[in-house]
Each structure stands twice: as C-alpha cells, then as structure tokens.
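One file, model.pdb, is given below (PDB, C-alpha atoms, pLDDT in the B column).
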ATOM      1  CA  MET A  15      30.684-292.225 -62.888  1.00 50.00           C
ATOM      2  CA  LYS A  16      30.524-294.482 -65.927  1.00 57.00           C
ATOM      3  CA  THR A  17      26.760-294.574 -65.521  1.00 57.00           C
ATOM      4  CA  ILE A  18      26.602-290.784 -65.706  1.00 56.00           C
ATOM      5  CA  LEU A  19      28.701-290.749 -68.897  1.00 55.00           C
ATOM      6  CA  VAL A  20      26.542-293.433 -70.518  1.00 59.00           C
ATOM      7  CA  LEU A  21      23.383-291.560 -69.530  1.00 57.00           C
ATOM      8  CA  PHE A  22      24.844-288.298 -70.857  1.00 57.00           C
ATOM      9  CA  ALA A  23      25.745-289.959 -74.161  1.00 60.00           C
ATOM     10  CA  ALA A  24      22.294-291.539 -74.475  1.00 57.00           C
ATOM     11  CA  VAL A  25      20.506-288.250 -73.836  1.00 58.00           C
ATOM     12  CA  THR A  26      22.798-286.396 -76.246  1.00 61.00           C
ATOM     13  CA  VAL A  27      22.291-288.947 -79.020  1.00 58.00           C
ATOM     14  CA  GLY A  28      18.550-289.030 -78.351  1.00 56.00           C
ATOM     15  CA  CYS A  29      18.255-285.262 -78.553  1.00 56.00           C
ATOM     16  CA  ALA A  30      20.451-285.095 -81.636  1.00 53.00           C
ATOM     17  CA  SER A  31      18.413-287.710 -83.459  1.00 52.00           C
ATOM     18  CA  SER A  32      15.092-286.077 -82.592  1.00 51.00           C
ATOM     19  CA  GLN A  33      16.074-282.678 -83.973  1.00 59.00           C
ATOM     20  CA  ASP A  34      17.464-281.615 -87.291  1.00 66.00           C
ATOM     21  CA  ILE A  35      20.901-280.243 -86.474  1.00 73.00           C
ATOM     22  CA  GLY A  36      22.834-278.941 -89.420  1.00 81.00           C
ATOM     23  CA  LYS A  37      26.320-280.168 -90.220  1.00 86.00           C
ATOM     24  CA  ASP A  38      27.610-276.747 -89.299  1.00 88.00           C
ATOM     25  CA  LYS A  39      26.723-277.243 -85.616  1.00 91.00           C
ATOM     26  CA  TYR A  40      28.800-280.434 -85.482  1.00 90.00           C
ATOM     27  CA  TYR A  41      31.731-278.528 -86.950  1.00 92.00           C
ATOM     28  CA  HIS A  42      31.300-275.816 -84.337  1.00 93.00           C
ATOM     29  CA  PHE A  43      31.138-278.439 -81.574  1.00 93.00           C
ATOM     30  CA  ALA A  44      34.351-280.046 -82.863  1.00 92.00           C
ATOM     31  CA  ALA A  45      36.040-276.639 -83.099  1.00 94.00           C
ATOM     32  CA  GLY A  46      35.085-275.870 -79.502  1.00 94.00           C
ATOM     33  CA  ALA A  47      36.350-279.255 -78.344  1.00 93.00           C
ATOM     34  CA  THR A  48      39.624-278.791 -80.205  1.00 94.00           C
ATOM     35  CA  THR A  49      40.037-275.295 -78.797  1.00 95.00           C
ATOM     36  CA  ALA A  50      39.516-276.650 -75.271  1.00 93.00           C
ATOM     37  CA  VAL A  51      42.154-279.356 -75.773  1.00 92.00           C
ATOM     38  CA  VAL A  52      44.681-276.807 -77.047  1.00 94.00           C
ATOM     39  CA  ALA A  53      43.796-274.443 -74.178  1.00 94.00           C
ATOM     40  CA  ASN A  54      44.336-277.286 -71.725  1.00 92.00           C
ATOM     41  CA  GLU A  55      47.809-277.929 -73.136  1.00 91.00           C
ATOM     42  CA  MET A  56      48.602-274.214 -72.857  1.00 93.00           C
ATOM     43  CA  GLU A  57      47.116-274.111 -69.320  1.00 91.00           C
ATOM     44  CA  LEU A  58      44.436-271.603 -70.308  1.00 93.00           C
ATOM     45  CA  PRO A  59      40.744-271.670 -69.296  1.00 93.00           C
ATOM     46  CA  LYS A  60      39.123-274.298 -71.531  1.00 92.00           C
ATOM     47  CA  VAL A  61      35.487-273.192 -71.669  1.00 93.00           C
ATOM     48  CA  ALA A  62      36.347-269.499 -71.889  1.00 95.00           C
ATOM     49  CA  SER A  63      38.731-270.226 -74.764  1.00 96.00           C
ATOM     50  CA  SER A  64      36.035-272.141 -76.632  1.00 95.00           C
ATOM     51  CA  PHE A  65      33.564-269.322 -76.061  1.00 96.00           C
ATOM     52  CA  ALA A  66      36.097-266.736 -77.245  1.00 97.00           C
ATOM     53  CA  ALA A  67      36.836-268.739 -80.398  1.00 96.00           C
ATOM     54  CA  GLY A  68      33.123-269.109 -81.155  1.00 96.00           C
ATOM     55  CA  PHE A  69      32.447-265.449 -80.448  1.00 97.00           C
ATOM     56  CA  ALA A  70      35.324-264.375 -82.691  1.00 96.00           C
ATOM     57  CA  LYS A  71      34.027-266.586 -85.526  1.00 95.00           C
ATOM     58  CA  GLU A  72      30.471-265.329 -85.204  1.00 95.00           C
ATOM     59  CA  THR A  73      31.666-261.723 -85.042  1.00 96.00           C
ATOM     60  CA  TYR A  74      33.622-262.351 -88.242  1.00 95.00           C
ATOM     61  CA  ASP A  75      30.477-263.826 -89.837  1.00 94.00           C
ATOM     62  CA  TYR A  76      28.495-260.768 -88.735  1.00 95.00           C
ATOM     63  CA  ILE A  77      31.024-258.377 -90.263  1.00 95.00           C
ATOM     64  CA  ARG A  78      31.252-260.392 -93.500  1.00 95.00           C
ATOM     65  CA  ASN A  79      27.645-261.532 -93.970  1.00 93.00           C
ATOM     66  CA  GLY A  80      25.603-259.504 -91.505  1.00 93.00           C
ATOM     67  CA  GLN A  81      24.517-262.621 -89.601  1.00 93.00           C
ATOM     68  CA  PHE A  82      25.441-263.606 -86.024  1.00 94.00           C
ATOM     69  CA  ASP A  83      24.230-267.139 -85.259  1.00 92.00           C
ATOM     70  CA  ALA A  84      23.910-267.616 -81.506  1.00 92.00           C
ATOM     71  CA  LYS A  85      23.276-271.354 -81.983  1.00 92.00           C
ATOM     72  CA  ASP A  86      26.710-271.704 -83.558  1.00 93.00           C
ATOM     73  CA  LEU A  87      28.199-269.932 -80.556  1.00 94.00           C
ATOM     74  CA  VAL A  88      26.356-272.301 -78.209  1.00 94.00           C
ATOM     75  CA  ALA A  89      27.580-275.342 -80.160  1.00 93.00           C
ATOM     76  CA  THR A  90      31.189-274.146 -80.013  1.00 94.00           C
ATOM     77  CA  THR A  91      30.976-273.436 -76.296  1.00 94.00           C
ATOM     78  CA  LEU A  92      29.279-276.779 -75.649  1.00 94.00           C
ATOM     79  CA  GLY A  93      32.239-278.543 -77.259  1.00 93.00           C
ATOM     80  CA  GLY A  94      34.503-276.811 -74.756  1.00 93.00           C
ATOM     81  CA  ILE A  95      32.228-277.713 -71.840  1.00 93.00           C
ATOM     82  CA  VAL A  96      32.183-281.403 -72.775  1.00 92.00           C
ATOM     83  CA  VAL A  97      35.965-281.567 -73.161  1.00 91.00           C
ATOM     84  CA  ASN A  98      36.413-279.686 -69.870  1.00 91.00           C
ATOM     85  CA  TYR A  99      34.238-282.279 -68.120  1.00 91.00           C
ATOM     86  CA  ILE A 100      36.135-285.178 -69.701  1.00 89.00           C
ATOM     87  CA  ILE A 101      39.497-283.669 -68.702  1.00 88.00           C
ATOM     88  CA  LYS A 102      38.293-283.192 -65.119  1.00 88.00           C
ATOM     89  CA  LEU A 103      37.148-286.814 -64.939  1.00 85.00           C
ATOM     90  CA  THR A 104      40.445-288.043 -66.357  1.00 84.00           C
ATOM     91  CA  LYS A 105      42.539-285.970 -63.942  1.00 82.00           C
ATOM     92  CA  LYS A 106      40.410-287.088 -61.000  1.00 78.00           C
ATOM     93  CA  LYS A 107      40.905-290.730 -61.940  1.00 71.00           C
ATOM     94  CA  LYS A 108      44.688-290.260 -62.219  1.00 69.00           C
ATOM     95  CA  ASN A 109      44.809-288.525 -58.822  1.00 68.00           C
ATOM     96  CA  VAL A 110      42.853-291.349 -57.207  1.00 68.00           C
ATOM     97  CA  GLU A 111      45.252-293.912 -58.691  1.00 67.00           C
ATOM     98  CA  ILE A 112      48.284-291.942 -57.455  1.00 65.00           C
ATOM     99  CA  ASN A 113      46.787-291.657 -53.975  1.00 64.00           C
ATOM    100  CA  LYS A 114      46.212-295.423 -53.876  1.00 66.00           C
ATOM    101  CA  GLU A 115      49.859-296.021 -54.770  1.00 65.00           C
ATOM    102  CA  VAL A 116      51.023-293.606 -52.057  1.00 63.00           C
ATOM    103  CA  SER A 117      48.848-295.274 -49.434  1.00 63.00           C
ATOM    104  CA  LYS A 118      50.371-298.669 -50.337  1.00 63.00           C
ATOM    105  CA  GLY A 119      53.832-297.281 -49.675  1.00 60.00           C
ATOM    106  CA  ARG A 120      54.871-297.234 -53.330  1.00 59.00           C
ATOM    107  CA  LEU A 121      56.326-293.779 -53.565  1.00 57.00           C
ATOM    108  CA  GLY A 122      58.923-294.645 -56.153  1.00 55.00           C
ATOM    109  CA  THR A 123      62.314-293.017 -56.546  1.00 52.00           C
ATOM    110  CA  ILE A 124      61.028-289.536 -55.789  1.00 52.00           C
ATOM    111  CA  MET A 125      60.796-290.103 -52.042  1.00 48.00           C
ATOM    112  CA  GLU A 126      63.718-292.491 -51.608  1.00 44.00           C
TER     113      GLU A 126
END
What do you get writing this file as structure tokens?
Amino acid sequence: MKTILVLFAAVTVGCASSQDIGKDKYYHFAAGATTAVVANEMELPKVASSFAAGFAKETYDYIRNGQFDAKDLVATTLGGIVVNYIIKLTKKKKNVEINKEVSKGRLGTIME
C-alpha cells in the first residue's frame, strides 16, 4: 500500500511540474480537501461535499463575473477524492490493528 501512495505522489508531482497550474487550482484543491475533512467529521459524504462546495463557488463566480471554470471544479473535487482515499486507508489500517488485538485475546475491559 505504501508503494501505491509513493507512486501516486510521484505521478502527481511529475504531472504538476510538467504543466503550468495556477495558484488558484492549489487553493481549490485545498478547499476540497478541507471540505472533505469537515464532511468526514460530520459523517457526510466526503467527495459529494467537495463537489457541492466547488459547484457552489463556481456558480457564484458565474453569477458575479459570468465565468464558470470547470477546471476549478475538478481541482476542488480532486481534493475531496484524495482525502477520501487517505481516510479509507487510515480506517482500514486501524481496523486491521484492532482485529489483530482481538485475535490475540486482548479484548480489553469492554468484553470482561
């Protein structure tokens, strides 16, 4: 699993360095990631929340300036997708550790 994350990071950095991505896209990515974290804490769908936040922002931009930037929407949603993947990996790792403890007979005070 670590190999997949390292490969993902290498490809992402390679693609980012080969293309001129404006600062704005990084802000949208961070906003999508932040929205996903907050949605996770509130037990809401993470990726859908990031998409909704990006769509709302781009709709606001369209009403104000007459411009809807689909790339900004993609960047915001991508931030949510990445955080969703990281949260799934983290939860899976915690579940595996808990299952190992249970199989060793270390159930703690809950089962005693």
Report task. Might you spell out which residues the PyMOL selection byres ((chain A and resi 95) around 10) would select in the displayed file, as a list in words? Result ->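 Here the PyMOL selection byres ((chain A and resi 95) around 10) matches Phe43, Gly46, Ala47, Ala50, Lys60, Val61, Ala62, Ser64, Phe65, Ala89, Thr90, Thr91, Leu92, Gly93, Gly94, Val96, Val97, Asn98, Tyr99, Ile100 and Ile101 of chain A.
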Requested in this report: Could you please determine the separation between CA of Ala67 in chain A and CA of Thr49 in chain A in Å, to one decimal place?
Outcome: 7.5 Å
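Put simply, CA of Val51 in chain A is 12.9 Å away from CA of Thr104 in chain A.
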Query raised in the report: Which value, in Å to one decimal, gives the distance between CA of Lys39 in chain A and CA of Asp86 in chain A?
Result: 5.9 Å
Report task. Evaluate the PyMOL selection byres ((chain A and resi 71) around 12) here and jot the selected residues down as a ChimeraX atom specification. Result -> /A:42,45-46,64-70,72-79,81-84,86-87,90-91
Could you give me the centre and size, in Å to one decimal, of an axis-aligned box around all listed atoms of range 77-83 of chain A with 6 Å added on every side, as JSON?
{"center_x": 27.7, "center_y": -262.8, "center_z": -89.6, "size_x": 19.0, "size_y": 20.8, "size_z": 20.7}
Take range 78-100 of chain A, model N, CA and C atoms, and hand the result over as a CSV table (one decimal), in the coordinates of the input.
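Writing the result to out05.csv gives the following:
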chain,number,residue,atom,x,y,z
A,78,ARG,N,31.2,-260.0,-92.1
A,78,ARG,CA,31.3,-260.4,-93.5
A,78,ARG,C,29.9,-260.5,-94.1
A,79,ASN,N,28.9,-261.2,-93.4
A,79,ASN,CA,27.6,-261.5,-94.0
A,79,ASN,C,26.5,-260.9,-93.3
A,80,GLY,N,26.7,-260.1,-92.2
A,80,GLY,CA,25.6,-259.5,-91.5
A,80,GLY,C,24.7,-260.5,-90.7
A,81,GLN,N,25.3,-261.6,-90.3
A,81,GLN,CA,24.5,-262.6,-89.6
A,81,GLN,C,25.3,-263.2,-88.5
A,82,PHE,N,24.8,-263.0,-87.2
A,82,PHE,CA,25.4,-263.6,-86.0
A,82,PHE,C,24.5,-264.7,-85.6
A,83,ASP,N,25.0,-266.0,-85.6
A,83,ASP,CA,24.2,-267.1,-85.3
A,83,ASP,C,24.6,-267.6,-83.8
A,84,ALA,N,23.7,-267.3,-82.9
A,84,ALA,CA,23.9,-267.6,-81.5
A,84,ALA,C,24.0,-269.1,-81.3
A,85,LYS,N,23.2,-269.9,-82.1
A,85,LYS,CA,23.3,-271.4,-82.0
A,85,LYS,C,24.7,-271.9,-82.3
A,86,ASP,N,25.3,-271.3,-83.3
A,86,ASP,CA,26.7,-271.7,-83.6
A,86,ASP,C,27.6,-271.4,-82.4
A,87,LEU,N,27.4,-270.3,-81.7
A,87,LEU,CA,28.2,-269.9,-80.6
A,87,LEU,C,27.9,-270.9,-79.4
A,88,VAL,N,26.7,-271.3,-79.2
A,88,VAL,CA,26.4,-272.3,-78.2
A,88,VAL,C,27.0,-273.6,-78.5
A,89,ALA,N,27.0,-274.1,-79.8
A,89,ALA,CA,27.6,-275.3,-80.2
A,89,ALA,C,29.1,-275.3,-79.9
A,90,THR,N,29.7,-274.3,-80.2
A,90,THR,CA,31.2,-274.1,-80.0
A,90,THR,C,31.5,-274.2,-78.5
A,91,THR,N,30.8,-273.5,-77.7
A,91,THR,CA,31.0,-273.4,-76.3
A,91,THR,C,30.7,-274.8,-75.7
A,92,LEU,N,29.6,-275.5,-76.2
A,92,LEU,CA,29.3,-276.8,-75.6
A,92,LEU,C,30.4,-277.8,-75.9
A,93,GLY,N,31.1,-277.7,-77.0
A,93,GLY,CA,32.2,-278.5,-77.3
A,93,GLY,C,33.3,-278.3,-76.2
A,94,GLY,N,33.5,-277.1,-75.8
A,94,GLY,CA,34.5,-276.8,-74.8
A,94,GLY,C,34.1,-277.3,-73.4
A,95,ILE,N,32.8,-277.2,-73.1
A,95,ILE,CA,32.2,-277.7,-71.8
A,95,ILE,C,32.4,-279.2,-71.7
A,96,VAL,N,32.1,-279.9,-72.8
A,96,VAL,CA,32.2,-281.4,-72.8
A,96,VAL,C,33.6,-281.8,-72.6
A,97,VAL,N,34.5,-281.2,-73.3
A,97,VAL,CA,36.0,-281.6,-73.2
A,97,VAL,C,36.5,-281.2,-71.8
A,98,ASN,N,36.0,-280.1,-71.2
A,98,ASN,CA,36.4,-279.7,-69.9
A,98,ASN,C,36.0,-280.8,-68.9
A,99,TYR,N,34.8,-281.2,-69.0
A,99,TYR,CA,34.2,-282.3,-68.1
A,99,TYR,C,35.0,-283.6,-68.3
A,100,ILE,N,35.4,-284.0,-69.5
A,100,ILE,CA,36.1,-285.2,-69.7
A,100,ILE,C,37.5,-285.0,-69.1
